[in-house]
>>> print(open('run_20.cif').read())   # mmCIF, C-alpha atoms
data_protein
#
loop_
_atom_site.label_atom_id
_atom_site.label_comp_id
_atom_site.auth_asym_id
_atom_site.auth_seq_id
_atom_site.Cartn_x
_atom_site.Cartn_y
_atom_site.Cartn_z
CA LEU A 27 23.52 -43.85 -7.41
CA ALA A 28 24.14 -41.87 -4.23
CA LYS A 29 21.02 -41.42 -2.10
CA THR A 30 20.29 -38.02 -0.62
CA THR A 31 18.50 -36.99 2.57
CA GLN A 32 17.14 -33.49 3.13
CA PRO A 33 14.52 -31.98 5.46
CA ILE A 34 10.95 -32.30 4.26
CA SER A 35 10.08 -28.69 5.05
CA MET A 36 11.46 -25.42 6.43
CA ASP A 37 9.96 -22.08 7.37
CA SER A 38 11.73 -18.73 7.26
CA TYR A 39 10.90 -15.05 7.60
CA GLU A 40 11.54 -12.61 4.82
CA GLY A 41 15.02 -11.11 4.84
CA GLN A 42 16.65 -14.03 6.63
CA GLU A 43 19.37 -16.28 5.26
CA VAL A 44 18.18 -19.83 4.70
CA ASN A 45 20.47 -22.86 4.75
CA ILE A 46 19.20 -26.20 3.48
CA THR A 47 21.45 -29.15 4.18
CA CYS A 48 21.56 -32.34 2.17
CA SER A 49 23.26 -35.57 3.27
CA HIS A 50 24.83 -37.88 0.70
CA ASN A 51 27.03 -40.29 2.65
CA ASN A 52 27.59 -42.63 -0.32
CA ILE A 53 28.69 -40.00 -2.81
CA ALA A 54 31.11 -41.37 -5.39
CA THR A 55 34.35 -39.79 -6.52
CA ASN A 56 32.92 -38.69 -9.87
CA ASP A 57 29.59 -37.40 -8.53
CA TYR A 58 28.57 -33.76 -8.71
CA ILE A 59 26.03 -32.09 -6.41
CA THR A 60 23.21 -30.20 -8.07
CA TRP A 61 20.33 -28.17 -6.66
CA TYR A 62 17.04 -27.36 -8.35
CA GLN A 63 14.14 -25.08 -7.40
CA GLN A 64 10.51 -25.77 -8.27
CA PHE A 65 7.64 -23.31 -7.99
CA PRO A 66 4.04 -24.59 -7.91
CA SER A 67 2.72 -25.65 -11.33
CA GLN A 68 6.14 -25.22 -12.97
CA GLY A 69 8.98 -27.48 -13.95
CA PRO A 70 12.15 -27.49 -11.82
CA ARG A 71 14.81 -24.87 -12.49
CA PHE A 72 18.55 -25.44 -12.16
CA ILE A 73 20.05 -23.28 -9.38
CA ILE A 74 23.62 -24.33 -8.76
CA GLN A 75 26.08 -27.18 -9.08
CA GLY A 76 29.36 -27.98 -7.40
CA TYR A 77 31.97 -30.63 -6.78
CA LYS A 78 33.85 -29.39 -3.71
CA THR A 79 34.44 -26.31 -1.53
CA LYS A 80 32.21 -23.33 -2.31
CA VAL A 81 30.33 -22.21 -5.38
CA THR A 82 28.42 -18.94 -5.64
CA ASN A 83 26.20 -17.46 -8.31
CA GLU A 84 23.62 -14.70 -8.47
CA VAL A 85 20.96 -16.90 -6.87
CA ALA A 86 22.64 -18.95 -4.14
CA SER A 87 25.80 -20.37 -2.62
CA LEU A 88 26.68 -24.01 -2.29
CA PHE A 89 28.99 -25.18 0.49
CA ILE A 90 30.60 -28.61 0.26
CA PRO A 91 32.92 -29.85 3.04
CA ALA A 92 36.10 -31.73 2.29
CA ASP A 93 34.56 -35.19 2.83
CA ARG A 94 31.70 -34.28 0.44
CA LYS A 95 29.21 -36.35 2.49
CA SER A 96 26.91 -33.37 2.79
CA SER A 97 26.23 -30.03 1.14
CA THR A 98 24.43 -26.84 2.13
CA LEU A 99 22.45 -24.60 -0.15
CA SER A 100 22.43 -21.04 1.16
CA LEU A 101 19.83 -18.49 0.04
CA PRO A 102 20.69 -14.96 1.19
CA ARG A 103 17.90 -12.65 2.38
CA VAL A 104 14.94 -14.69 1.18
CA SER A 105 11.74 -13.09 -0.06
CA LEU A 106 8.21 -14.43 -0.46
CA SER A 107 9.06 -15.35 -4.06
CA ASP A 108 11.63 -17.88 -2.81
CA THR A 109 8.81 -20.07 -1.51
CA ALA A 110 9.36 -23.29 -3.47
CA VAL A 111 10.54 -26.87 -3.25
CA TYR A 112 14.33 -27.32 -3.37
CA TYR A 113 15.86 -30.57 -4.60
CA CYS A 114 19.35 -31.85 -3.89
CA LEU A 115 20.67 -34.34 -6.45
CA VAL A 116 23.91 -36.26 -6.71
CA GLY A 117 25.11 -37.96 -9.85
CA ASP A 118 27.71 -38.59 -12.46
CA ASN A 119 27.90 -37.83 -16.15
CA TRP A 120 25.28 -39.80 -18.10
CA SER A 121 27.76 -40.82 -20.72
CA THR A 122 29.48 -43.19 -18.31
CA GLY A 123 26.39 -45.36 -18.32
CA ASN A 124 24.86 -44.10 -15.11
CA THR A 125 21.24 -43.07 -15.08
CA PRO A 126 20.40 -39.38 -15.13
CA LEU A 127 19.85 -37.32 -12.04
CA VAL A 128 17.20 -38.76 -9.73
CA PHE A 129 14.93 -36.36 -7.87
CA GLY A 130 13.76 -37.10 -4.34
CA LYS A 131 10.90 -35.33 -2.56
CA GLY A 132 12.90 -32.19 -1.89
CA THR A 133 12.60 -29.57 0.85
CA ARG A 134 9.52 -27.38 0.86
CA LEU A 135 10.60 -23.87 1.89
CA SER A 136 7.90 -21.50 3.06
CA VAL A 137 8.86 -17.83 3.44
CA ILE A 138 6.67 -15.85 5.79
CA ALA A 139 6.18 -12.08 5.69
CA ASN B 6 14.82 -19.66 -28.37
CA ALA B 7 11.56 -21.22 -27.22
CA GLY B 8 13.46 -23.60 -24.93
CA VAL B 9 11.60 -26.80 -24.09
CA THR B 10 8.00 -26.92 -25.26
CA GLN B 11 5.36 -29.48 -24.36
CA THR B 12 1.95 -30.14 -25.81
CA PRO B 13 -0.78 -30.44 -24.79
CA LYS B 14 -0.91 -28.52 -21.50
CA PHE B 15 -3.90 -30.48 -20.27
CA GLN B 16 -5.39 -33.81 -21.33
CA VAL B 17 -8.18 -36.07 -20.09
CA LEU B 18 -8.20 -39.69 -21.22
CA LYS B 19 -10.44 -42.65 -20.58
CA THR B 20 -8.94 -45.88 -19.31
CA GLY B 21 -7.51 -47.88 -22.20
CA GLN B 22 -7.01 -44.97 -24.57
CA SER B 23 -3.60 -44.20 -25.99
CA MET B 24 -1.97 -40.88 -26.70
CA THR B 25 1.36 -39.17 -27.30
CA LEU B 26 2.77 -36.32 -25.24
CA GLN B 27 4.95 -34.09 -27.38
CA CYS B 28 8.24 -32.57 -26.32
CA ALA B 29 10.55 -30.42 -28.41
CA GLN B 30 13.64 -28.33 -27.70
CA ASP B 31 15.45 -25.84 -29.91
CA MET B 32 18.71 -25.60 -27.96
CA ASN B 33 20.48 -28.46 -29.76
CA HIS B 34 20.68 -30.40 -26.50
CA GLU B 35 21.85 -33.98 -26.79
CA TYR B 36 20.19 -35.26 -23.62
CA MET B 37 16.43 -35.41 -23.09
CA SER B 38 14.28 -37.06 -20.43
CA TRP B 39 10.72 -37.54 -19.26
CA TYR B 40 9.60 -37.31 -15.63
CA ARG B 41 6.27 -37.69 -13.89
CA GLN B 42 5.28 -35.89 -10.72
CA ASP B 43 2.41 -37.03 -8.56
CA PRO B 44 0.78 -34.69 -6.01
CA GLY B 45 3.12 -33.85 -3.14
CA MET B 46 5.86 -36.04 -4.57
CA GLY B 47 9.19 -35.51 -6.21
CA LEU B 48 9.88 -36.26 -9.85
CA ARG B 49 10.34 -39.81 -11.07
CA LEU B 50 12.26 -40.59 -14.23
CA ILE B 51 10.33 -42.48 -16.92
CA HIS B 52 12.67 -42.65 -19.93
CA TYR B 53 15.69 -40.76 -21.16
CA SER B 54 17.84 -40.34 -24.25
CA VAL B 55 21.48 -39.36 -24.68
CA GLY B 56 21.14 -38.72 -28.41
CA ALA B 57 19.10 -39.35 -31.53
CA GLY B 58 18.35 -43.05 -31.91
CA ILE B 59 19.31 -43.87 -28.30
CA THR B 60 16.80 -44.30 -25.47
CA ASP B 61 16.85 -46.02 -22.10
CA GLN B 62 14.52 -46.75 -19.18
CA GLY B 63 14.35 -44.79 -15.97
CA GLU B 64 12.71 -45.64 -12.65
CA VAL B 65 9.10 -46.06 -13.83
CA PRO B 66 9.06 -47.04 -17.54
CA ASN B 67 6.14 -49.49 -17.54
CA GLY B 68 3.22 -48.37 -19.68
CA TYR B 69 5.26 -45.82 -21.62
CA ASN B 70 7.23 -45.86 -24.86
CA VAL B 71 9.63 -43.30 -26.29
CA SER B 72 11.59 -42.76 -29.46
CA ARG B 73 14.20 -40.19 -30.49
CA SER B 74 14.35 -39.90 -34.25
CA THR B 75 15.68 -36.32 -34.19
CA THR B 76 17.73 -34.26 -31.74
CA GLU B 77 14.84 -31.86 -31.24
CA ASP B 78 11.92 -34.17 -30.48
CA PHE B 79 11.30 -36.74 -27.76
CA PRO B 80 7.64 -37.89 -27.69
CA LEU B 81 6.24 -40.00 -24.86
CA ARG B 82 3.57 -42.55 -25.76
CA LEU B 83 1.04 -43.94 -23.33
CA LEU B 84 0.08 -47.32 -24.71
CA SER B 85 -3.12 -48.02 -22.75
CA ALA B 86 -3.91 -45.32 -20.22
CA ALA B 87 -4.64 -46.31 -16.62
CA PRO B 88 -5.85 -44.16 -13.68
CA SER B 89 -2.43 -44.72 -12.05
CA GLN B 90 -0.92 -42.65 -14.86
CA THR B 91 -2.78 -39.54 -13.74
CA SER B 92 0.07 -37.14 -13.11
CA VAL B 93 1.96 -34.09 -14.33
CA TYR B 94 4.53 -34.97 -16.96
CA PHE B 95 7.69 -32.93 -17.46
CA CYS B 96 10.16 -33.12 -20.31
CA ALA B 97 13.73 -31.88 -19.82
CA SER B 98 16.85 -31.43 -21.90
CA SER B 99 20.52 -30.68 -21.32
CA LEU B 100 23.84 -30.42 -23.07
CA ALA B 101 26.08 -33.47 -22.99
CA VAL B 102 28.89 -31.33 -21.57
CA ARG B 103 26.62 -30.04 -18.77
CA PRO B 104 24.22 -32.93 -18.14
CA TYR B 105 23.35 -31.74 -14.63
CA GLU B 106 21.90 -28.45 -15.89
CA GLN B 107 18.55 -29.64 -17.19
CA TYR B 108 16.00 -27.28 -18.71
CA PHE B 109 12.41 -28.28 -18.04
CA GLY B 110 9.28 -27.72 -20.06
CA PRO B 111 6.06 -26.31 -18.55
CA GLY B 112 4.51 -29.75 -18.08
CA THR B 113 1.44 -31.65 -19.25
CA ARG B 114 -1.30 -32.33 -16.71
CA LEU B 115 -2.87 -35.69 -17.54
CA THR B 116 -6.02 -37.13 -15.98
CA VAL B 117 -7.12 -40.69 -16.69
CA THR B 118 -10.68 -41.55 -15.73
#
>>> encode(input="run_20.cif", output="C-alpha coordinates")
Amino acid sequence: LAKTTQPISMDSYEGQEVNITCSHNNIATNDYITWYQQFPSQGPRFIIQGYKTKVTNEVASLFIPADRKSSTLSLPRVSLSDTAVYYCLVGDNWSTGNTPLVFGKGTRLSVIA
Amino acid sequence: NAGVTQTPKFQVLKTGQSMTLQCAQDMNHEYMSWYRQDPGMGLRLIHYSVGAGITDQGEVPNGYNVSRSTTEDFPLRLLSAAPSQTSVYFCASSLAVRPYEQYFGPGTRLTVT
(Lines of atoms letter the chains of each structure in order from A and count residues from 1; the text may use other names and numbers.)
(Lines give C-alpha, C1' and ligand atoms only; values in the text may rest on other atoms or scores of the structure.)
Protein backbone atom coordinates (compact mmCIF):
# COMPACT_ATOMS: atom_id res chain seq x y z
CA LEU A 1 0.00 0.00 0.00
CA ALA A 2 1.51 3.32 -1.05
CA LYS A 3 2.29 5.62 1.87
CA THR A 4 1.36 9.28 1.64
CA THR A 5 2.92 12.38 3.16
CA GLN A 6 1.08 15.68 3.46
CA PRO A 7 1.52 18.80 5.61
CA ILE A 8 0.01 18.58 9.07
CA SER A 9 -1.62 22.00 8.88
CA MET A 10 -2.12 25.05 6.66
CA ASP A 11 -3.61 28.49 7.15
CA SER A 12 -5.25 30.62 4.47
CA TYR A 13 -7.27 33.81 4.20
CA GLU A 14 -10.74 33.85 2.77
CA GLY A 15 -10.86 34.28 -0.99
CA GLN A 16 -7.43 32.80 -1.62
CA GLU A 17 -6.67 29.67 -3.62
CA VAL A 18 -5.32 26.87 -1.47
CA ASN A 19 -3.06 24.10 -2.76
CA ILE A 20 -2.41 21.04 -0.62
CA THR A 21 0.31 18.73 -1.88
CA CYS A 22 0.57 15.05 -1.13
CA SER A 23 3.65 12.90 -1.77
CA HIS A 24 3.27 9.24 -2.70
CA ASN A 25 6.64 8.12 -4.02
CA ASN A 26 5.76 4.40 -3.98
CA ILE A 27 2.51 4.67 -5.89
CA ALA A 28 1.75 1.54 -7.91
CA THR A 29 0.61 1.38 -11.50
CA ASN A 30 -2.96 0.48 -10.58
CA ASP A 31 -3.33 2.98 -7.73
CA TYR A 32 -5.78 5.86 -7.83
CA ILE A 33 -5.44 9.07 -5.80
CA THR A 34 -8.43 10.10 -3.72
CA TRP A 35 -9.07 13.12 -1.51
CA TYR A 36 -11.55 13.40 1.34
CA GLN A 37 -12.72 16.33 3.47
CA GLN A 38 -13.76 16.03 7.11
CA PHE A 39 -15.54 18.68 9.15
CA PRO A 40 -15.50 18.51 12.96
CA SER A 41 -17.86 15.89 14.41
CA GLN A 42 -18.71 14.50 10.95
CA GLY A 43 -17.59 11.58 8.85
CA PRO A 44 -15.24 12.21 5.92
CA ARG A 45 -16.72 13.24 2.58
CA PHE A 46 -15.36 12.22 -0.82
CA ILE A 47 -14.09 15.25 -2.77
CA ILE A 48 -12.26 14.08 -5.85
CA GLN A 49 -10.37 11.19 -7.39
CA GLY A 50 -7.90 10.91 -10.22
CA TYR A 51 -5.34 8.72 -11.91
CA LYS A 52 -3.24 11.15 -13.96
CA THR A 53 -3.16 14.71 -15.34
CA LYS A 54 -5.95 16.98 -14.11
CA VAL A 55 -9.41 16.35 -12.76
CA THR A 56 -11.89 19.09 -11.90
CA ASN A 57 -15.31 19.07 -10.32
CA GLU A 58 -17.56 21.63 -8.66
CA VAL A 59 -15.58 21.47 -5.41
CA ALA A 60 -11.90 21.21 -6.32
CA SER A 61 -9.22 20.40 -8.86
CA LEU A 62 -6.68 17.63 -8.63
CA PHE A 63 -3.33 17.94 -10.39
CA ILE A 64 -1.21 14.84 -10.94
CA PRO A 65 2.18 15.10 -12.68
CA ALA A 66 3.33 12.54 -15.20
CA ASP A 67 5.42 10.55 -12.69
CA ARG A 68 2.42 10.38 -10.32
CA LYS A 69 4.71 10.58 -7.26
CA SER A 70 2.76 13.51 -5.92
CA SER A 71 -0.60 15.21 -6.31
CA THR A 72 -2.03 18.63 -5.48
CA LEU A 73 -5.53 19.37 -4.33
CA SER A 74 -6.54 22.89 -5.30
CA LEU A 75 -9.42 24.70 -3.61
CA PRO A 76 -10.37 27.92 -5.42
CA ARG A 77 -11.33 31.00 -3.38
CA VAL A 78 -11.73 29.33 0.00
CA SER A 79 -14.29 30.47 2.54
CA LEU A 80 -14.56 29.94 6.29
CA SER A 81 -16.71 26.87 5.61
CA ASP A 82 -13.74 25.15 3.94
CA THR A 83 -12.03 24.86 7.32
CA ALA A 84 -11.62 21.09 7.66
CA VAL A 85 -9.14 18.24 7.59
CA TYR A 86 -8.20 17.03 4.10
CA TYR A 87 -6.99 13.48 3.54
CA CYS A 88 -4.97 12.19 0.61
CA LEU A 89 -5.29 8.45 -0.02
CA VAL A 90 -3.72 6.15 -2.57
CA GLY A 91 -4.99 2.68 -3.33
CA ASP A 92 -6.15 0.06 -5.73
CA ASN A 93 -9.47 -1.64 -6.28
CA TRP A 94 -10.43 -3.78 -3.28
CA SER A 95 -11.40 -6.69 -5.44
CA THR A 96 -7.78 -7.39 -6.30
CA GLY A 97 -7.18 -8.40 -2.71
CA ASN A 98 -5.67 -5.16 -1.51
CA THR A 99 -7.00 -3.60 1.66
CA PRO A 100 -9.33 -0.63 1.38
CA LEU A 101 -8.17 2.94 1.42
CA VAL A 102 -6.07 3.81 4.46
CA PHE A 103 -6.44 7.25 6.00
CA GLY A 104 -3.46 9.08 7.46
CA LYS A 105 -3.66 12.12 9.75
CA GLY A 106 -4.53 14.51 6.95
CA THR A 107 -3.93 18.24 6.57
CA ARG A 108 -5.81 20.57 8.87
CA LEU A 109 -6.79 23.66 6.85
CA SER A 110 -7.78 26.75 8.78
CA VAL A 111 -9.39 29.58 6.81
CA ILE A 112 -9.11 32.99 8.41
CA ALA A 113 -11.46 35.91 7.78
CA ASN B 1 -32.30 7.55 0.45
CA ALA B 2 -31.16 7.74 4.06
CA GLY B 3 -27.59 6.92 3.03
CA VAL B 4 -25.47 5.37 5.77
CA THR B 5 -27.07 5.33 9.20
CA GLN B 6 -25.44 4.46 12.51
CA THR B 7 -26.91 3.79 15.91
CA PRO B 8 -26.49 4.76 18.64
CA LYS B 9 -25.03 8.26 18.33
CA PHE B 10 -23.54 8.14 21.81
CA GLN B 11 -22.77 5.26 24.16
CA VAL B 12 -21.07 4.87 27.53
CA LEU B 13 -19.89 1.42 28.57
CA LYS B 14 -18.15 0.02 31.60
CA THR B 15 -14.98 -1.99 31.15
CA GLY B 16 -15.82 -5.58 30.27
CA GLN B 17 -19.26 -4.91 28.85
CA SER B 18 -20.13 -5.90 25.32
CA MET B 19 -22.26 -4.13 22.75
CA THR B 20 -23.03 -3.89 19.06
CA LEU B 21 -22.74 -0.75 16.95
CA GLN B 22 -25.26 -0.81 14.14
CA CYS B 23 -24.62 0.31 10.58
CA ALA B 24 -27.03 0.20 7.67
CA GLN B 25 -27.03 1.57 4.13
CA ASP B 26 -29.84 1.75 1.59
CA MET B 27 -27.75 2.44 -1.52
CA ASN B 28 -27.17 -1.22 -2.44
CA HIS B 29 -23.43 -0.75 -1.95
CA GLU B 30 -21.36 -3.92 -2.03
CA TYR B 31 -18.46 -2.62 0.06
CA MET B 32 -18.73 -1.62 3.72
CA SER B 33 -16.13 -0.81 6.35
CA TRP B 34 -15.66 0.29 9.93
CA TYR B 35 -13.15 2.92 11.08
CA ARG B 36 -12.24 4.38 14.44
CA GLN B 37 -10.97 7.90 14.97
CA ASP B 38 -9.19 8.94 18.13
CA PRO B 39 -8.86 12.63 19.10
CA GLY B 40 -6.59 14.53 16.73
CA MET B 41 -5.90 11.41 14.69
CA GLY B 42 -6.81 10.11 11.30
CA LEU B 43 -9.12 7.18 10.72
CA ARG B 44 -7.95 3.62 11.27
CA LEU B 45 -9.60 0.70 9.55
CA ILE B 46 -11.05 -1.98 11.84
CA HIS B 47 -12.85 -4.44 9.54
CA TYR B 48 -14.28 -4.38 6.06
CA SER B 49 -16.53 -6.39 3.76
CA VAL B 50 -16.68 -6.67 -0.02
CA GLY B 51 -20.07 -8.38 -0.02
CA ALA B 52 -22.60 -10.33 2.00
CA GLY B 53 -20.93 -13.23 3.78
CA ILE B 54 -17.40 -11.86 3.24
CA THR B 55 -15.43 -9.94 5.87
CA ASP B 56 -11.77 -9.21 6.45
CA GLN B 57 -9.52 -7.50 9.00
CA GLY B 58 -8.13 -4.01 8.72
CA GLU B 59 -5.36 -2.29 10.65
CA VAL B 60 -6.80 -2.58 14.18
CA PRO B 61 -9.18 -5.58 14.37
CA ASN B 62 -8.38 -6.84 17.87
CA GLY B 63 -11.32 -6.67 20.26
CA TYR B 64 -13.90 -6.33 17.49
CA ASN B 65 -16.04 -8.75 15.49
CA VAL B 66 -18.14 -8.17 12.39
CA SER B 67 -20.56 -10.10 10.24
CA ARG B 68 -22.31 -9.31 6.96
CA SER B 69 -25.42 -11.41 6.59
CA THR B 70 -27.15 -8.91 4.28
CA THR B 71 -25.98 -6.28 1.81
CA GLU B 72 -27.56 -3.53 3.88
CA ASP B 73 -26.24 -4.22 7.38
CA PHE B 74 -22.73 -4.40 8.82
CA PRO B 75 -22.77 -4.47 12.66
CA LEU B 76 -19.61 -4.07 14.73
CA ARG B 77 -19.41 -6.00 17.98
CA LEU B 78 -17.21 -5.06 20.90
CA LEU B 79 -16.56 -8.28 22.76
CA SER B 80 -15.27 -6.95 26.09
CA ALA B 81 -14.98 -3.17 26.15
CA ALA B 82 -11.71 -1.59 27.28
CA PRO B 83 -10.87 2.10 27.91
CA SER B 84 -8.55 1.95 24.87
CA GLN B 85 -11.65 1.50 22.72
CA THR B 86 -12.93 4.95 23.63
CA SER B 87 -13.22 6.57 20.23
CA VAL B 88 -15.55 7.77 17.48
CA TYR B 89 -16.59 4.95 15.18
CA PHE B 90 -17.51 5.54 11.55
CA CYS B 91 -19.14 3.15 9.14
CA ALA B 92 -18.73 3.64 5.39
CA SER B 93 -19.99 2.06 2.19
CA SER B 94 -19.21 2.23 -1.51
CA LEU B 95 -20.05 0.66 -4.83
CA ALA B 96 -17.77 -2.09 -6.08
CA VAL B 97 -17.29 -0.18 -9.33
CA ARG B 98 -16.28 2.98 -7.43
CA PRO B 99 -14.63 1.67 -4.27
CA TYR B 100 -12.71 4.89 -3.65
CA GLU B 101 -15.90 6.95 -3.28
CA GLN B 102 -16.94 5.95 0.22
CA TYR B 103 -20.03 7.36 1.91
CA PHE B 104 -19.66 7.76 5.66
CA GLY B 105 -22.23 7.61 8.42
CA PRO B 106 -22.51 10.29 11.14
CA GLY B 107 -20.48 8.27 13.64
CA THR B 108 -20.95 6.75 17.08
CA ARG B 109 -19.12 8.35 20.00
CA LEU B 110 -18.18 5.60 22.45
CA THR B 111 -16.76 6.11 25.93
CA VAL B 112 -15.50 3.19 28.00
CA THR B 113 -14.99 3.86 31.69
>>> resolve_selection(input="run_20.cif", expression="the PyMOL selection byres ((chain A) within 10 of (chain B))", output="MDAnalysis selection string")
chainID A and resid 58:62 67:75 111 113 115:121 125:134
>>> resolve_selection(input="run_20.cif", expression="the PyMOL selection byres ((chain B and resi 7) around 12)", output="VMD selection string")
chain B and resid 6 8 to 11 28 to 33 77 108 to 111
>>> resolve_selection(input="run_20.cif", expression="the PyMOL selection byres ((chain A and resi 101) around 7)", output="list in words")
Glu43, Val44, Asn45, Ala86, Ser87, Leu99, Ser100, Pro102, Arg103 and Val104 of chain A
>>> atom_distance(input="run_20.cif", atom1="atom CA of A:Thr47", atom2="atom CA of A:Leu135")
12.3 Å
>>> atom_distance(input="run_20.cif", atom1="atom CA of A:Asp108", atom2="atom CA of A:Gln32")
17.6 Å
>>> atom_distance(input="run_20.cif", atom1="atom CA of A:Ala92", atom2="atom CA of A:Thr30")
17.3 Å
>>> closest_residue(input="run_20.cif", among="B:Ile51, B:Val117, B:Leu83, B:Leu100", to="B:Met24", atoms="all atoms listed in the file")
B:Leu83
>>> residues_around(input="run_20.cif", residues="B:Gln16", least_positions_apart="6", cutoff="8 Å", atoms="all atoms listed in the file", output="short mmCIF file (atom, residue, chain, number, x, y, z; two decimals) with C-alpha atoms, in the frame of the given file")
data_model
loop_
_atom_site.label_atom_id
_atom_site.label_comp_id
_atom_site.auth_asym_id
_atom_site.auth_seq_id
_atom_site.Cartn_x
_atom_site.Cartn_y
_atom_site.Cartn_z
CA THR B 113 1.44 -31.65 -19.25
CA ARG B 114 -1.30 -32.33 -16.71
CA LEU B 115 -2.87 -35.69 -17.54
CA THR B 116 -6.02 -37.13 -15.98
#
>>> residues_around(input="run_20.cif", residues="A:Ser107", least_positions_apart="6", cutoff="10 Å", atoms="only C-alpha atoms", output="list of chain:residue names")
A:Glu40, A:Phe65, A:Ser136, A:Val137
>>> closest_residue(input="run_20.cif", among="A:Gly41, A:Tyr77, A:Cys114, A:Pro91", to="A:Asp57", atoms="only C-alpha atoms")
A:Tyr77
>>> residues_near_point(input="run_20.cif", point="(6.4, -38.6, -28.3)", cutoff="7 Å", atoms="only C-alpha atoms", output="tab-separated table (two decimals) with C-alpha atoms, in the frame of the given file")
chain	number	residue	atom	x	y	z
B	25	THR	CA	1.36	-39.17	-27.30
B	26	LEU	CA	2.77	-36.32	-25.24
B	27	GLN	CA	4.95	-34.09	-27.38
B	28	CYS	CA	8.24	-32.57	-26.32
B	71	VAL	CA	9.63	-43.30	-26.29
B	72	SER	CA	11.59	-42.76	-29.46
B	79	PHE	CA	11.30	-36.74	-27.76
B	80	PRO	CA	7.64	-37.89	-27.69
B	81	LEU	CA	6.24	-40.00	-24.86
B	82	ARG	CA	3.57	-42.55	-25.76
>>> decode(input="run_20.cif", residues="stretch 71-96 of chain A", atoms="N, CA and C atoms", output="CSV table (one decimal), in the first residue's frame")
chain,number,residue,atom,x,y,z
A,71,ARG,N,-15.9,13.1,3.8
A,71,ARG,CA,-16.7,13.2,2.6
A,71,ARG,C,-15.8,13.2,1.4
A,72,PHE,N,-16.1,12.3,0.4
A,72,PHE,CA,-15.4,12.2,-0.8
A,72,PHE,C,-15.4,13.6,-1.6
A,73,ILE,N,-14.2,14.0,-2.0
A,73,ILE,CA,-14.1,15.3,-2.8
A,73,ILE,C,-13.8,15.0,-4.2
A,74,ILE,N,-12.7,14.2,-4.5
A,74,ILE,CA,-12.3,14.1,-5.9
A,74,ILE,C,-11.3,12.9,-6.0
A,75,GLN,N,-11.2,12.3,-7.1
A,75,GLN,CA,-10.4,11.2,-7.4
A,75,GLN,C,-9.8,11.3,-8.8
A,76,GLY,N,-8.5,10.9,-8.9
A,76,GLY,CA,-7.9,10.9,-10.2
A,76,GLY,C,-6.8,9.9,-10.4
A,77,TYR,N,-6.4,9.7,-11.6
A,77,TYR,CA,-5.3,8.7,-11.9
A,77,TYR,C,-4.1,9.4,-12.5
A,78,LYS,N,-4.3,10.4,-13.4
A,78,LYS,CA,-3.2,11.1,-14.0
A,78,LYS,C,-3.8,12.5,-14.5
A,79,THR,N,-2.9,13.4,-14.8
A,79,THR,CA,-3.2,14.7,-15.3
A,79,THR,C,-4.0,15.5,-14.4
A,80,LYS,N,-5.1,16.1,-14.9
A,80,LYS,CA,-5.9,17.0,-14.1
A,80,LYS,C,-7.4,16.5,-14.1
A,81,VAL,N,-8.0,16.6,-12.9
A,81,VAL,CA,-9.4,16.4,-12.8
A,81,VAL,C,-10.0,17.6,-12.1
A,82,THR,N,-11.2,18.0,-12.5
A,82,THR,CA,-11.9,19.1,-11.9
A,82,THR,C,-13.4,18.8,-11.7
A,83,ASN,N,-13.9,19.2,-10.5
A,83,ASN,CA,-15.3,19.1,-10.3
A,83,ASN,C,-15.8,20.4,-9.7
A,84,GLU,N,-17.0,20.4,-9.2
A,84,GLU,CA,-17.6,21.6,-8.7
A,84,GLU,C,-16.9,22.1,-7.3
A,85,VAL,N,-16.2,21.2,-6.7
A,85,VAL,CA,-15.6,21.5,-5.4
A,85,VAL,C,-14.1,21.8,-5.5
A,86,ALA,N,-13.4,21.1,-6.3
A,86,ALA,CA,-11.9,21.2,-6.3
A,86,ALA,C,-11.3,20.7,-7.6
A,87,SER,N,-10.0,21.0,-7.8
A,87,SER,CA,-9.2,20.4,-8.9
A,87,SER,C,-8.1,19.5,-8.3
A,88,LEU,N,-7.7,18.5,-9.0
A,88,LEU,CA,-6.7,17.6,-8.6
A,88,LEU,C,-5.7,17.6,-9.8
A,89,PHE,N,-4.4,17.9,-9.4
A,89,PHE,CA,-3.3,17.9,-10.4
A,89,PHE,C,-2.4,16.8,-10.1
A,90,ILE,N,-2.1,16.0,-11.1
A,90,ILE,CA,-1.2,14.8,-10.9
A,90,ILE,C,-0.2,14.9,-12.0
A,91,PRO,N,1.1,15.0,-11.7
A,91,PRO,CA,2.2,15.1,-12.7
A,91,PRO,C,2.4,13.7,-13.3
A,92,ALA,N,3.2,13.7,-14.4
A,92,ALA,CA,3.3,12.5,-15.2
A,92,ALA,C,3.9,11.4,-14.4
A,93,ASP,N,4.8,11.7,-13.5
A,93,ASP,CA,5.4,10.5,-12.7
A,93,ASP,C,4.5,10.0,-11.6
A,94,ARG,N,3.4,10.7,-11.3
A,94,ARG,CA,2.4,10.4,-10.3
A,94,ARG,C,3.0,10.2,-8.9
A,95,LYS,N,4.1,10.7,-8.6
A,95,LYS,CA,4.7,10.6,-7.3
A,95,LYS,C,4.2,11.6,-6.3
A,96,SER,N,3.4,12.5,-6.8
A,96,SER,CA,2.8,13.5,-5.9
A,96,SER,C,1.4,13.9,-6.5
